[in-house]
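start_7.cif, holding mmCIF, C-alpha atoms and all ligand atoms:
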data_structure
loop_
_atom_site.label_atom_id
_atom_site.label_comp_id
_atom_site.auth_asym_id
_atom_site.auth_seq_id
_atom_site.Cartn_x
_atom_site.Cartn_y
_atom_site.Cartn_z
CA MET A 1 -12.66 1.21 30.45
CA LEU A 2 -11.96 0.87 26.74
CA SER A 3 -13.65 -1.68 24.49
CA ASP A 4 -12.05 -4.99 23.48
CA ARG A 5 -12.16 -3.71 19.92
CA ILE A 6 -9.61 -0.98 20.68
CA GLY A 7 -7.37 -3.52 22.41
CA ARG A 8 -7.20 -5.44 19.13
CA ILE A 9 -5.61 -2.49 17.28
CA THR A 10 -1.87 -1.82 17.25
CA PRO A 11 -0.64 1.70 16.46
CA SER A 12 0.80 2.17 12.94
CA ALA A 13 4.57 1.59 13.08
CA THR A 14 5.16 3.61 9.92
CA LEU A 15 3.37 6.66 11.30
CA ALA A 16 5.32 6.22 14.56
CA MET A 17 8.63 6.46 12.64
CA THR A 18 7.41 9.56 10.79
CA GLU A 19 6.66 11.14 14.17
CA LYS A 20 10.13 10.22 15.48
CA ALA A 21 11.69 11.86 12.44
CA ALA A 22 9.62 15.01 13.01
CA ASP A 23 10.75 15.14 16.66
CA LEU A 24 14.42 14.91 15.65
CA ARG A 25 13.93 17.62 13.04
CA THR A 26 12.34 19.89 15.63
CA ALA A 27 15.40 19.28 17.79
CA GLY A 28 17.54 20.62 14.92
CA VAL A 29 18.93 17.30 13.64
CA ASP A 30 19.42 17.00 9.84
CA VAL A 31 17.25 13.94 9.30
CA ILE A 32 16.92 11.87 6.14
CA ASN A 33 13.51 10.31 6.20
CA LEU A 34 13.22 7.09 4.19
CA SER A 35 10.23 5.88 6.18
CA VAL A 36 7.59 7.73 4.22
CA GLY A 37 4.79 6.05 2.35
CA GLU A 38 3.99 8.92 0.03
CA PRO A 39 5.44 10.46 -3.14
CA ASP A 40 7.82 13.36 -2.51
CA PHE A 41 6.34 15.21 -5.51
CA PRO A 42 3.73 17.93 -5.13
CA THR A 43 0.17 17.22 -6.30
CA PRO A 44 0.19 18.11 -10.04
CA GLU A 45 -0.88 21.66 -10.84
CA ASN A 46 -4.02 20.80 -12.83
CA ILE A 47 -5.33 18.87 -9.81
CA ARG A 48 -4.47 21.63 -7.36
CA LEU A 49 -6.25 24.16 -9.58
CA ALA A 50 -9.33 21.95 -9.76
CA GLY A 51 -9.39 21.89 -5.94
CA LYS A 52 -9.10 25.68 -5.72
CA GLU A 53 -11.89 26.13 -8.26
CA ALA A 54 -14.06 23.69 -6.34
CA ILE A 55 -13.83 25.94 -3.29
CA ASP A 56 -14.69 29.05 -5.31
CA ASN A 57 -17.56 27.26 -7.05
CA GLY A 58 -19.12 26.33 -3.73
CA ASP A 59 -18.40 22.60 -3.81
CA THR A 60 -18.06 22.81 -0.07
CA ARG A 61 -21.11 20.95 1.16
CA TYR A 62 -21.99 17.36 2.04
CA THR A 63 -22.08 15.05 -0.95
CA PRO A 64 -23.82 11.67 -1.17
CA GLY A 65 -22.24 9.34 1.41
CA GLY A 66 -20.68 7.06 -1.19
CA GLY A 67 -19.31 9.91 -3.30
CA THR A 68 -20.63 12.12 -6.11
CA LEU A 69 -22.04 10.66 -9.30
CA ASN A 70 -19.48 12.62 -11.33
CA LEU A 71 -16.56 11.14 -9.43
CA LYS A 72 -18.01 7.62 -9.70
CA LYS A 73 -18.25 8.16 -13.47
CA ALA A 74 -14.63 9.36 -13.52
CA VAL A 75 -13.58 6.20 -11.64
CA ILE A 76 -15.47 4.07 -14.17
CA GLU A 77 -13.67 5.88 -17.02
CA LYS A 78 -10.29 5.42 -15.31
CA LEU A 79 -10.80 1.71 -14.58
CA SER A 80 -11.83 1.11 -18.18
CA ARG A 81 -8.95 3.16 -19.65
CA ASP A 82 -6.09 1.93 -17.45
CA ASN A 83 -7.23 -1.47 -16.19
CA ASN A 84 -9.68 -2.84 -18.75
CA LEU A 85 -12.25 -3.18 -15.95
CA HIS A 86 -15.87 -2.31 -16.61
CA PHE A 87 -18.29 -1.32 -13.87
CA ASP A 88 -21.66 0.22 -13.30
CA VAL A 89 -22.23 3.22 -11.01
CA SER A 90 -23.87 0.93 -8.41
CA GLU A 91 -20.59 -1.00 -8.18
CA ILE A 92 -18.41 1.99 -7.19
CA LEU A 93 -17.86 3.54 -3.77
CA ILE A 94 -15.72 6.59 -3.04
CA SER A 95 -14.09 6.69 0.41
CA SER A 96 -11.76 8.93 2.39
CA GLY A 97 -8.66 7.16 1.05
CA GLY A 98 -7.95 3.58 0.09
CA LYS A 99 -7.35 2.75 3.73
CA HIS A 100 -10.91 3.76 4.56
CA SER A 101 -12.22 1.63 1.66
CA LEU A 102 -10.34 -1.43 2.88
CA TYR A 103 -11.38 -0.88 6.48
CA ASN A 104 -15.04 -0.56 5.50
CA ALA A 105 -14.94 -3.65 3.30
CA CYS A 106 -13.51 -5.69 6.19
CA GLN A 107 -16.26 -4.35 8.45
CA ALA A 108 -18.91 -5.19 5.87
CA LEU A 109 -17.77 -8.78 5.29
CA PHE A 110 -15.81 -10.24 8.21
CA GLN A 111 -16.74 -11.19 11.75
CA SER A 112 -15.83 -13.47 14.60
CA GLY A 113 -15.30 -17.07 13.47
CA ASP A 114 -13.97 -16.01 10.04
CA GLU A 115 -10.38 -16.31 8.91
CA VAL A 116 -8.73 -13.94 6.48
CA ILE A 117 -5.51 -14.80 4.64
CA ILE A 118 -2.79 -12.16 4.61
CA PHE A 119 0.51 -12.65 2.80
CA SER A 120 3.57 -11.93 4.88
CA PRO A 121 5.42 -9.51 4.77
CA TYR A 122 2.23 -7.47 4.86
CA TRP A 123 1.16 -3.84 4.98
CA VAL A 124 0.92 -2.96 8.68
CA SER A 125 -2.80 -2.16 8.53
CA PHE A 126 -4.10 -5.45 7.13
CA PRO A 127 -3.94 -7.53 10.34
CA ASP A 128 -5.61 -4.73 12.31
CA PHE A 129 -8.38 -4.25 9.75
CA VAL A 130 -9.16 -7.94 10.13
CA SER A 131 -8.75 -8.41 13.87
CA VAL A 132 -10.86 -5.37 14.74
CA THR A 133 -13.82 -7.15 13.09
CA GLY A 134 -13.30 -10.16 15.39
CA ALA A 135 -12.04 -12.31 12.50
CA LYS A 136 -8.63 -13.99 12.65
CA PRO A 137 -5.74 -12.97 10.36
CA VAL A 138 -3.96 -16.04 8.99
CA PHE A 139 -0.47 -15.39 7.65
CA VAL A 140 0.89 -17.12 4.57
CA LYS A 141 4.58 -17.18 3.63
CA THR A 142 5.94 -15.62 0.46
CA ASP A 143 9.11 -16.12 -1.58
CA SER A 144 11.48 -13.14 -1.51
CA SER A 145 13.34 -14.40 -4.59
CA LEU A 146 10.10 -14.45 -6.60
CA GLN A 147 8.64 -10.96 -6.08
CA TYR A 148 7.21 -12.18 -2.77
CA GLU A 149 4.70 -14.42 -4.50
CA PRO A 150 2.88 -16.81 -2.15
CA VAL A 151 4.46 -20.08 -1.13
CA MET A 152 1.58 -22.07 -2.60
CA ASP A 153 2.02 -25.11 -0.35
CA ASP A 154 1.67 -22.87 2.69
CA LEU A 155 -1.40 -21.22 1.18
CA LYS A 156 -3.00 -24.58 0.42
CA GLU A 157 -2.40 -25.68 3.98
CA LYS A 158 -3.92 -22.56 5.51
CA ILE A 159 -6.93 -22.10 3.27
CA THR A 160 -9.98 -23.83 4.80
CA SER A 161 -13.76 -23.62 4.88
CA ARG A 162 -13.30 -20.91 7.54
CA THR A 163 -11.43 -18.68 5.07
CA LYS A 164 -13.79 -15.80 4.35
CA GLY A 165 -11.30 -13.54 2.60
CA ILE A 166 -7.86 -13.29 0.99
CA ILE A 167 -6.05 -9.97 0.69
CA ILE A 168 -3.75 -9.51 -2.30
CA ASN A 169 -1.51 -6.44 -2.42
CA SER A 170 0.56 -6.34 -5.58
CA PRO A 171 2.61 -4.15 -5.99
CA SER A 172 3.20 -4.62 -2.31
CA ASN A 173 3.94 -2.41 0.61
CA PRO A 174 6.49 -3.16 2.17
CA THR A 175 8.27 -5.37 -0.39
CA GLY A 176 7.50 -3.67 -3.71
CA GLY A 177 6.91 -7.19 -5.09
CA VAL A 178 4.72 -7.53 -8.17
CA TRP A 179 3.16 -10.95 -8.63
CA SER A 180 2.97 -12.76 -11.96
CA ASN A 181 -0.48 -13.37 -13.46
CA LYS A 182 0.10 -17.07 -12.83
CA ALA A 183 0.48 -16.52 -9.08
CA VAL A 184 -2.60 -14.29 -8.90
CA LEU A 185 -4.61 -16.83 -10.90
CA GLU A 186 -3.60 -19.64 -8.57
CA VAL A 187 -4.76 -17.62 -5.57
CA LEU A 188 -8.04 -16.78 -7.33
CA LYS A 189 -8.62 -20.43 -8.09
CA LEU A 190 -8.01 -21.52 -4.49
CA ALA A 191 -10.27 -18.71 -3.25
CA GLU A 192 -13.05 -19.87 -5.55
CA GLU A 193 -12.78 -23.43 -4.22
CA VAL A 194 -13.66 -22.25 -0.70
CA ASP A 195 -15.94 -19.43 -1.88
CA ALA A 196 -13.76 -16.73 -0.28
CA TRP A 197 -13.74 -13.02 -1.08
CA VAL A 198 -10.62 -11.70 -2.78
CA PHE A 199 -9.53 -8.16 -1.96
CA SER A 200 -7.12 -6.74 -4.49
CA ASP A 201 -5.41 -3.71 -3.00
CA GLU A 202 -4.11 -1.96 -6.11
CA CYS A 203 -3.08 1.38 -4.66
CA TYR A 204 0.36 1.11 -6.35
CA GLU A 205 -1.02 -0.12 -9.71
CA GLN A 206 0.50 2.79 -11.66
CA LEU A 207 3.91 2.17 -10.15
CA THR A 208 5.28 -0.92 -11.89
CA TYR A 209 8.68 -0.66 -13.57
CA ASP A 210 9.33 -3.83 -15.52
CA ARG A 211 5.95 -4.61 -17.07
CA PRO A 212 2.50 -3.03 -17.30
CA TYR A 213 0.23 -3.75 -14.38
CA ILE A 214 -2.57 -6.31 -14.81
CA SER A 215 -5.53 -5.83 -12.52
CA THR A 216 -6.62 -8.95 -10.59
CA ALA A 217 -10.29 -8.84 -11.66
CA THR A 218 -9.32 -8.99 -15.36
CA LEU A 219 -7.84 -12.45 -14.88
CA VAL A 220 -11.06 -14.33 -14.19
CA LYS A 221 -14.53 -14.49 -15.71
CA ASN A 222 -16.39 -14.73 -12.43
CA THR A 223 -15.62 -11.51 -10.55
CA GLU A 224 -18.61 -11.78 -8.21
CA LYS A 225 -16.32 -12.11 -5.19
CA VAL A 226 -13.37 -9.96 -6.27
CA LEU A 227 -13.20 -6.44 -4.87
CA THR A 228 -10.82 -3.92 -6.43
CA PHE A 229 -9.35 -1.15 -4.27
CA GLN A 230 -7.50 1.80 -5.76
CA SER A 231 -6.54 5.25 -4.58
CA CYS A 232 -5.56 8.71 -5.79
CA SER A 233 -2.93 8.94 -3.04
CA LYS A 234 0.17 7.39 -4.59
CA THR A 235 -0.66 7.71 -8.30
CA TYR A 236 -1.33 11.45 -8.19
CA ALA A 237 0.69 12.45 -5.11
CA MET A 238 -2.58 13.19 -3.32
CA THR A 239 -2.09 11.46 0.04
CA GLY A 240 -3.51 14.35 2.07
CA TRP A 241 -6.58 14.79 -0.13
CA ARG A 242 -7.91 11.40 1.09
CA ILE A 243 -9.66 9.89 -1.90
CA GLY A 244 -9.79 6.14 -2.55
CA TYR A 245 -12.38 3.90 -4.13
CA THR A 246 -13.72 0.36 -4.30
CA ALA A 247 -15.17 -1.38 -7.35
CA GLY A 248 -17.11 -4.64 -7.22
CA ASN A 249 -20.17 -6.47 -5.99
CA ASP A 250 -23.04 -3.97 -5.62
CA ARG A 251 -24.36 -5.53 -2.39
CA VAL A 252 -21.02 -5.09 -0.67
CA ILE A 253 -20.67 -1.60 -2.10
CA LYS A 254 -24.09 -0.71 -0.70
CA ALA A 255 -23.21 -2.12 2.73
CA MET A 256 -19.93 -0.22 2.80
CA GLY A 257 -21.78 2.97 1.79
CA LYS A 258 -24.24 2.46 4.64
CA LEU A 259 -21.41 2.14 7.15
CA GLN A 260 -19.67 5.16 5.71
CA SER A 261 -22.79 7.30 5.85
CA GLN A 262 -23.02 6.63 9.60
CA SER A 263 -19.35 7.30 10.28
CA THR A 264 -17.68 9.87 8.03
CA SER A 265 -20.87 11.09 6.24
CA CYS A 266 -19.07 11.55 2.92
CA PRO A 267 -15.60 11.95 1.46
CA ASN A 268 -14.31 15.53 1.30
CA SER A 269 -16.29 17.48 -1.32
CA ILE A 270 -13.36 19.56 -2.59
CA SER A 271 -11.09 16.54 -2.91
CA GLN A 272 -13.77 14.73 -4.88
CA VAL A 273 -13.79 17.49 -7.52
CA ALA A 274 -9.98 17.45 -7.66
CA ALA A 275 -10.03 13.65 -8.00
CA ILE A 276 -12.17 13.93 -11.15
CA GLU A 277 -9.40 16.05 -12.71
CA ALA A 278 -6.78 13.58 -11.44
CA LEU A 279 -8.50 10.54 -12.92
CA THR A 280 -9.69 12.00 -16.22
CA GLY A 281 -7.30 14.93 -16.89
CA ASP A 282 -3.72 14.98 -18.17
CA GLN A 283 -1.90 11.79 -17.08
CA SER A 284 1.62 12.85 -18.06
CA ASN A 285 2.65 13.41 -14.44
CA VAL A 286 1.96 9.76 -13.68
CA THR A 287 4.42 8.71 -16.39
CA PHE A 288 6.92 11.29 -15.19
CA MET A 289 6.81 10.14 -11.55
CA ARG A 290 7.05 6.50 -12.61
CA SER A 291 10.22 7.15 -14.61
CA ILE A 292 11.87 8.95 -11.68
CA PHE A 293 10.92 6.20 -9.23
CA LYS A 294 12.35 3.56 -11.56
CA LYS A 295 15.73 5.33 -11.67
CA ARG A 296 15.75 5.60 -7.88
CA ARG A 297 14.82 1.95 -7.47
CA ASP A 298 17.73 0.87 -9.66
CA TYR A 299 20.10 3.10 -7.74
CA ILE A 300 19.09 2.03 -4.24
CA VAL A 301 18.98 -1.71 -5.08
CA GLY A 302 22.45 -1.43 -6.64
CA ARG A 303 23.89 0.40 -3.63
CA LEU A 304 22.37 -1.95 -1.04
CA ASN A 305 23.62 -5.06 -2.79
CA LYS A 306 27.16 -3.66 -2.79
CA ILE A 307 27.17 -3.59 1.02
CA GLU A 308 28.69 -6.69 2.56
CA GLY A 309 26.07 -9.04 4.01
CA VAL A 310 23.04 -7.16 2.63
CA LYS A 311 20.66 -8.95 0.26
CA CYS A 312 18.15 -6.90 -1.69
CA SER A 313 15.95 -8.34 -4.42
CA THR A 314 14.75 -5.98 -7.15
CA PRO A 315 11.09 -5.16 -6.54
CA GLY A 316 8.90 -4.68 -9.61
CA GLY A 317 6.83 -1.83 -8.19
CA ALA A 318 5.71 0.64 -5.49
CA PHE A 319 8.47 2.82 -3.99
CA TYR A 320 9.97 0.55 -1.36
CA VAL A 321 12.89 -1.83 -1.09
CA PHE A 322 13.01 -4.46 1.62
CA PRO A 323 16.61 -5.64 2.07
CA ASP A 324 17.62 -8.49 4.35
CA PHE A 325 20.08 -7.45 7.06
CA SER A 326 20.03 -10.67 9.07
CA ALA A 327 23.81 -11.08 8.60
CA TYR A 328 24.18 -8.18 11.06
CA PHE A 329 21.96 -9.65 13.78
CA GLY A 330 23.08 -11.74 16.70
CA GLY A 331 26.05 -10.63 18.75
CA GLY A 332 26.27 -7.16 20.25
CA ASN A 333 23.28 -4.91 20.67
CA ILE A 334 21.66 -5.52 17.29
CA LYS A 335 19.30 -8.44 17.79
CA GLY A 336 16.81 -7.75 15.02
CA SER A 337 15.23 -5.19 12.71
CA ASP A 338 13.93 -2.91 15.49
CA ASP A 339 17.45 -2.53 16.90
CA LEU A 340 19.02 -1.92 13.51
CA SER A 341 16.39 0.61 12.42
CA LEU A 342 16.91 2.46 15.71
CA TYR A 343 20.69 2.28 15.20
CA PHE A 344 20.39 3.94 11.76
CA LEU A 345 18.22 6.62 13.32
CA GLU A 346 20.35 7.31 16.38
CA GLN A 347 23.80 7.00 14.75
CA LYS A 348 23.15 8.56 11.36
CA ALA A 349 19.70 10.21 11.53
CA VAL A 350 18.41 7.98 8.72
CA VAL A 351 14.78 7.04 9.32
CA THR A 352 13.59 3.62 8.13
CA VAL A 353 10.91 1.16 9.25
CA ALA A 354 11.86 -2.13 10.90
CA GLY A 355 10.62 -5.20 9.04
CA ASN A 356 9.25 -6.50 12.32
CA ALA A 357 6.25 -4.20 11.87
CA PHE A 358 5.47 -5.95 8.59
CA GLY A 359 5.95 -9.47 9.95
CA SER A 360 9.53 -9.94 8.75
CA ASP A 361 12.24 -9.32 11.31
CA ASN A 362 15.16 -9.97 8.92
CA ASN A 363 14.35 -6.90 6.83
CA ILE A 364 14.14 -3.14 6.94
CA ARG A 365 11.90 -1.08 4.68
CA PHE A 366 13.45 1.86 2.85
CA SER A 367 11.16 4.16 0.90
CA TYR A 368 12.76 5.77 -2.15
CA ALA A 369 10.09 8.44 -2.33
CA ALA A 370 12.86 10.88 -1.44
CA SER A 371 15.14 13.17 -3.44
CA GLU A 372 18.13 11.65 -5.26
CA ASN A 373 20.39 13.70 -3.03
CA ASP A 374 18.83 12.25 0.13
CA LEU A 375 19.09 8.75 -1.28
CA TYR A 376 22.81 9.16 -2.09
CA LYS A 377 23.51 10.56 1.36
CA ALA A 378 21.41 7.92 3.14
CA MET A 379 23.12 5.05 1.33
CA ASP A 380 26.56 6.46 2.27
CA LEU A 381 25.46 6.74 5.90
CA VAL A 382 23.92 3.26 6.02
CA GLU A 383 27.07 1.76 4.48
CA GLU A 384 29.29 3.64 6.93
CA SER A 385 27.22 2.66 9.97
CA LEU A 386 27.20 -1.02 8.96
CA LYS A 387 30.99 -1.00 8.61
CA GLU A 388 31.17 0.22 12.19
CA LEU A 389 29.22 -2.89 13.22
CA LEU A 390 31.58 -5.39 11.61
N1 LIG B 1 -2.80 -0.02 0.73
C1 LIG B 1 -1.48 -0.01 0.89
C2 LIG B 1 -0.73 -1.26 0.64
C3 LIG B 1 -0.83 1.16 1.31
O1 LIG B 1 0.50 1.15 1.45
C4 LIG B 1 -1.59 2.31 1.57
C5 LIG B 1 -0.94 3.52 2.09
O2 LIG B 1 0.16 3.54 2.56
C6 LIG B 1 -2.97 2.25 1.36
C7 LIG B 1 -3.55 1.07 0.95
C8 LIG B 1 -3.89 3.38 1.62
O3 LIG B 1 -3.57 4.60 1.11
P1 LIG B 1 -4.63 5.78 1.13
O4 LIG B 1 -5.55 5.58 2.29
O5 LIG B 1 -3.83 7.02 1.25
O6 LIG B 1 -5.38 5.67 -0.17
#
If you convert what's in this file into structure tokens, what do you get?
Ligand code: PLP
Amino acid sequence: MLSDRIGRITPSATLAMTEKAADLRTAGVDVINLSVGEPDFPTPENIRLAGKEAIDNGDTRYTPGGGTLNLKKAVIEKLSRDNNLHFDVSEILISSGGKHSLYNACQALFQSGDEVIIFSPYWVSFPDFVSVTGAKPVFVKTDSSLQYEPVMDDLKEKITSRTKGIIINSPSNPTGGVWSNKAVLEVLKLAEEVDAWVFSDECYEQLTYDRPYISTATLVKNTEKVLTFQSCSKTYAMTGWRIGYTAGNDRVIKAMGKLQSQSTSCPNSISQVAAIEALTGDQSNVTFMRSIFKKRRDYIVGRLNKIEGVKCSTPGGAFYVFPDFSAYFGGGNIKGSDDLSLYFLEQKAVVTVAGNAFGSDNNIRFSYAASENDLYKAMDLVEESLKELL
């Protein structure tokens, strides 16, 4: 009955865990949810106020399909200010979240017969974005001891004339890894050799803790085939407002806009006004959130590495850690990350996401977008439950 296209999509594992946590909460269990992919802070007040004013001012109608001119100008200002990237209005598209932008770009560029390189561990949505177009996701290994930078020999082996695209996501979900400029440049060079598109998913670009973020498109002269994706979601704690954007080649932007106009019509009008305030207004909340996340990262990495058998590298960005628990797999009932994640949930009501969903069964993703108190408690519970396994 259903189309082949739908059969190629797997449900989001991260959203599934969030639902499980909600079910337990409804049942009265005191759950600590470290599976979330969104800041635990409220949207800053200036942005909320801008949204309220937008409603009162009547900004409640359809906007142009690819977003309002004023928001595109705000994006241009932001990209120039924070990322040293310079674009024209025709090179910007506003979408209903970064996810929507990435989905549309895959639809606009990829089709059956194409291959698209995805670095593993990967964000759960990338393989589905690609396979739903009929193209084939090709997974390339990364090095956990080097911020999950690509294993270049593996990349060189897998990149061919069929490679139509390469998706970079630094800082990464699920690993938090932030690649060096050298690694990004090497990928860009290899992409250029086979004339492939490079997607740079930069939705965590404001969340780097050890050095300022360098946007991919600033590293090369020829940016004809580099598309930059950013979002208001993580930077401004605006996940529910659904505003993301793409910057790059105007022909692709136009094609994505066409697709968008025949699917979602336009991004939410009220959110677009609020996003202008987010991108061009007071940025002090971004600095504030970053400093809190950094403290939490240091805490959680320290705690995890003190647990016998757990290995956790220090990620340079985002709000995730991706420790290796393989020392606990094998005998007994815990065969891999799905079993261990379920064990944490059932024994201690700590919600995590199994690495399996991200293509890495040795690991479990913990989000530290949670209160300090929850993090302390969760680490105690994880430590306790692992002792019970020894
Ligand atoms: N890219 C990555 C790597 C993400 O983790 C997410 C959200 O979790 C997104 C893109 C999309 O976020 P949004 O659609 O809220 O902008």
Residues of range 33-88 of chain A that approach range 230-239 of chain A to 12 Å or less, counting all atoms listed in the file: could you list each one with the shortest pair of atoms and its distance in Å to one decimal, rows by chain and increasing residue number, as a Markdown table?
| residue | atom | partner | partner_atom | distance |
| --- | --- | --- | --- | --- |
| A:Val36 | CA | A:Thr239 | CA | 11.2 |
| A:Gly37 | CA | A:Lys234 | CA | 8.4 |
| A:Glu38 | CA | A:Lys234 | CA | 6.2 |
| A:Pro39 | CA | A:Ala237 | CA | 5.5 |
| A:Asp40 | CA | A:Ala237 | CA | 7.6 |
| A:Phe41 | CA | A:Ala237 | CA | 6.3 |
| A:Pro42 | CA | A:Ala237 | CA | 6.3 |
| A:Thr43 | CA | A:Ala237 | CA | 4.9 |
| A:Pro44 | CA | A:Tyr236 | CA | 7.1 |
| A:Glu45 | CA | A:Tyr236 | CA | 10.6 |
| A:Asn46 | CA | A:Tyr236 | CA | 10.8 |
| A:Ile47 | CA | A:Tyr236 | CA | 8.6 |
| A:Arg48 | CA | A:Met238 | CA | 9.5 |
| A:Gly51 | CA | A:Met238 | CA | 11.4 |
| A:Leu71 | CA | A:Cys232 | CA | 11.8 |
| A:Ala74 | CA | A:Cys232 | CA | 11.9 |
| A:Val75 | CA | A:Gln230 | CA | 9.5 |
| A:Ile76 | CA | A:Gln230 | CA | 11.8 |
| A:Lys78 | CA | A:Gln230 | CA | 10.6 |
| A:Leu79 | CA | A:Gln230 | CA | 9.4 |
| A:Asp82 | CA | A:Gln230 | CA | 11.8 |
| A:Asn83 | CA | A:Gln230 | CA | 10.9 |
(request) For Ser131 in chain A, work out the shell of residues within 7 Å, counting only C-alpha atoms and skipping chain neighbours fewer than 5 positions away, then give it as a PyMOL selection string. (result) chain A and resi 8+136-137
(message) Between A:Phe139, A:Tyr320, A:Tyr148, A:Trp179, which residue has the minimum interatomic distance to ligand LIG 1 (chain B), considering all atoms listed in the file?
(response)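 Of A:Phe139, A:Tyr320, A:Tyr148, A:Trp179, the one nearest ligand LIG 1 (chain B), counting all atoms listed in the file, is A:Tyr320.
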(request) For CA of Asp30 in chain A and CA of Leu381 in chain A, determine how far apart the two atoms are, in Å to one decimal place. (result)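 The value is 12.5 Å.
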Please identify every residue of chain A that has at least one atom no farther than 7 Å from an atom of ligand LIG 1 (chain B), counting only C-alpha atoms and all ligand atoms, and for each give the shortest atom pair and the distance in Å to one decimal, arranged by chain then increasing number, as a tab-separated table.
residue	atom	partner	partner_atom	distance
A:Gly37	CA	B:LIG1	O2	5.3
A:Gly97	CA	B:LIG1	O4	3.7
A:Gly98	CA	B:LIG1	O6	3.3
A:Lys99	CA	B:LIG1	O4	3.6
A:His100	CA	B:LIG1	O4	6.1
A:Trp123	CA	B:LIG1	C2	5.4
A:Asn169	CA	B:LIG1	C2	6.1
A:Ser172	CA	B:LIG1	C2	6.0
A:Asn173	CA	B:LIG1	C2	4.8
A:Asp201	CA	B:LIG1	N1	5.9
A:Cys203	CA	B:LIG1	N1	5.6
A:Ser231	CA	B:LIG1	O6	4.6
A:Cys232	CA	B:LIG1	O6	6.4
A:Ser233	CA	B:LIG1	O5	4.8
A:Thr239	CA	B:LIG1	O5	4.9
A:Arg242	CA	B:LIG1	O5	6.0
A:Ile243	CA	B:LIG1	O6	6.3
A:Gly244	CA	B:LIG1	O6	5.0
Could you please take those selected residues and save C-alpha atoms as a PDB file, in the coordinates of the input?
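Okay, this is what ended up in again.pdb:
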ATOM      1  CA  GLY A  37       4.790   6.050   2.350  1.00  0.00           C
ATOM      2  CA  GLY A  97      -8.660   7.160   1.050  1.00  0.00           C
ATOM      3  CA  GLY A  98      -7.950   3.580   0.090  1.00  0.00           C
ATOM      4  CA  LYS A  99      -7.350   2.750   3.730  1.00  0.00           C
ATOM      5  CA  HIS A 100     -10.910   3.760   4.560  1.00  0.00           C
ATOM      6  CA  TRP A 123       1.160  -3.840   4.980  1.00  0.00           C
ATOM      7  CA  ASN A 169      -1.510  -6.440  -2.420  1.00  0.00           C
ATOM      8  CA  SER A 172       3.200  -4.620  -2.310  1.00  0.00           C
ATOM      9  CA  ASN A 173       3.940  -2.410   0.610  1.00  0.00           C
ATOM     10  CA  ASP A 201      -5.410  -3.710  -3.000  1.00  0.00           C
ATOM     11  CA  CYS A 203      -3.080   1.380  -4.660  1.00  0.00           C
ATOM     12  CA  SER A 231      -6.540   5.250  -4.580  1.00  0.00           C
ATOM     13  CA  CYS A 232      -5.560   8.710  -5.790  1.00  0.00           C
ATOM     14  CA  SER A 233      -2.930   8.940  -3.040  1.00  0.00           C
ATOM     15  CA  THR A 239      -2.090  11.460   0.040  1.00  0.00           C
ATOM     16  CA  ARG A 242      -7.910  11.400   1.090  1.00  0.00           C
ATOM     17  CA  ILE A 243      -9.660   9.890  -1.900  1.00  0.00           C
ATOM     18  CA  GLY A 244      -9.790   6.140  -2.550  1.00  0.00           C
TER      19      GLY A 244
END
(request) Quick one: everything within 10 Å of Glu384 in chain A, counting all atoms listed in the file, minus sequence neighbours fewer than 5 positions away in the same chain. Send it as a list in words. (result)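 These residues fall inside the cut-off: Ile307, Lys348, Ala378, Met379 and Leu389 of chain A.
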(message) Please determine, counting all atoms listed in the file, which residue among A:Ser120, A:Ser90, A:Ser367, A:Ser291 has the shortest atom-to-atom distance to Thr68 in chain A.
(response)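 Nearest to Thr68 in chain A: A:Ser90.
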(request) Please provide as a PyMOL selection string all residues within 6 Å of Ala247 in chain A, with the sequence filter that same-chain residues fewer than 2 positions apart are discarded (counting all atoms listed in the file). (result) chain A and resi 91-92+227-228
Write a file of the just-selected residues containing C-alpha atoms, as a PDB file, in the frame of the given file.
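Full text of out.pdb as output:
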ATOM      1  CA  GLU A  91     -20.590  -1.000  -8.180  1.00  0.00           C
ATOM      2  CA  ILE A  92     -18.410   1.990  -7.190  1.00  0.00           C
ATOM      3  CA  LEU A 227     -13.200  -6.440  -4.870  1.00  0.00           C
ATOM      4  CA  THR A 228     -10.820  -3.920  -6.430  1.00  0.00           C
TER       5      THR A 228
END
(request) Tell me which protein, DNA and RNA residues are within 10 Å of Pro150 in chain A, counting only C-alpha atoms, leaving out same-chain ones fewer than 2 positions away, and put them as a PyMOL selection string. (result) chain A and resi 118-120+140-144+146-148+152-155+168+179+183-184+186-187
(request) Around the point (2.6, -12.7, -14.0) in the file's coordinates, collect all residues with an atom within 12 Å, using all atoms listed in the file, and return them as a ChimeraX atom specification. (result) /A:146-147,149,170-171,177-186,210-216,219,316
(message) Residues proximal to (22.3, -9.0, 13.0) were defined as those with any atom within 12 Å of that point in the file's coordinates, counting all atoms listed in the file. Which are they, as a list of chain:residue names?
(response)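 The requested residues, written out, are A:Gly309, A:Val310, A:Asp324, A:Phe325, A:Ser326, A:Ala327, A:Tyr328, A:Phe329, A:Gly330, A:Gly331, A:Gly332, A:Asn333, A:Ile334, A:Lys335, A:Gly336, A:Ser337, A:Asp338, A:Asp339, A:Leu340, A:Ser341, A:Tyr343, A:Asp361, A:Asn362, A:Asn363, A:Ile364, A:Leu386, A:Leu389, A:Leu390.
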(request) Name the closest residue to Gly58 in chain A among the candidates A:Phe344, A:Tyr368, A:Leu304, A:Ile270; distances are taken between atoms, counting only C-alpha atoms. (result)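 Among the listed residues, the smallest separation from Gly58 in chain A belongs to A:Ile270.
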(request) Using CA of Arg61 in chain A and CA of Cys266 in chain A as the two end points, give the distance in Å to one decimal. (result) 9.8 Å
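Take CA of Ala196 in chain A and CA of Lys225 in chain A: the distance between them is 7.2 Å.
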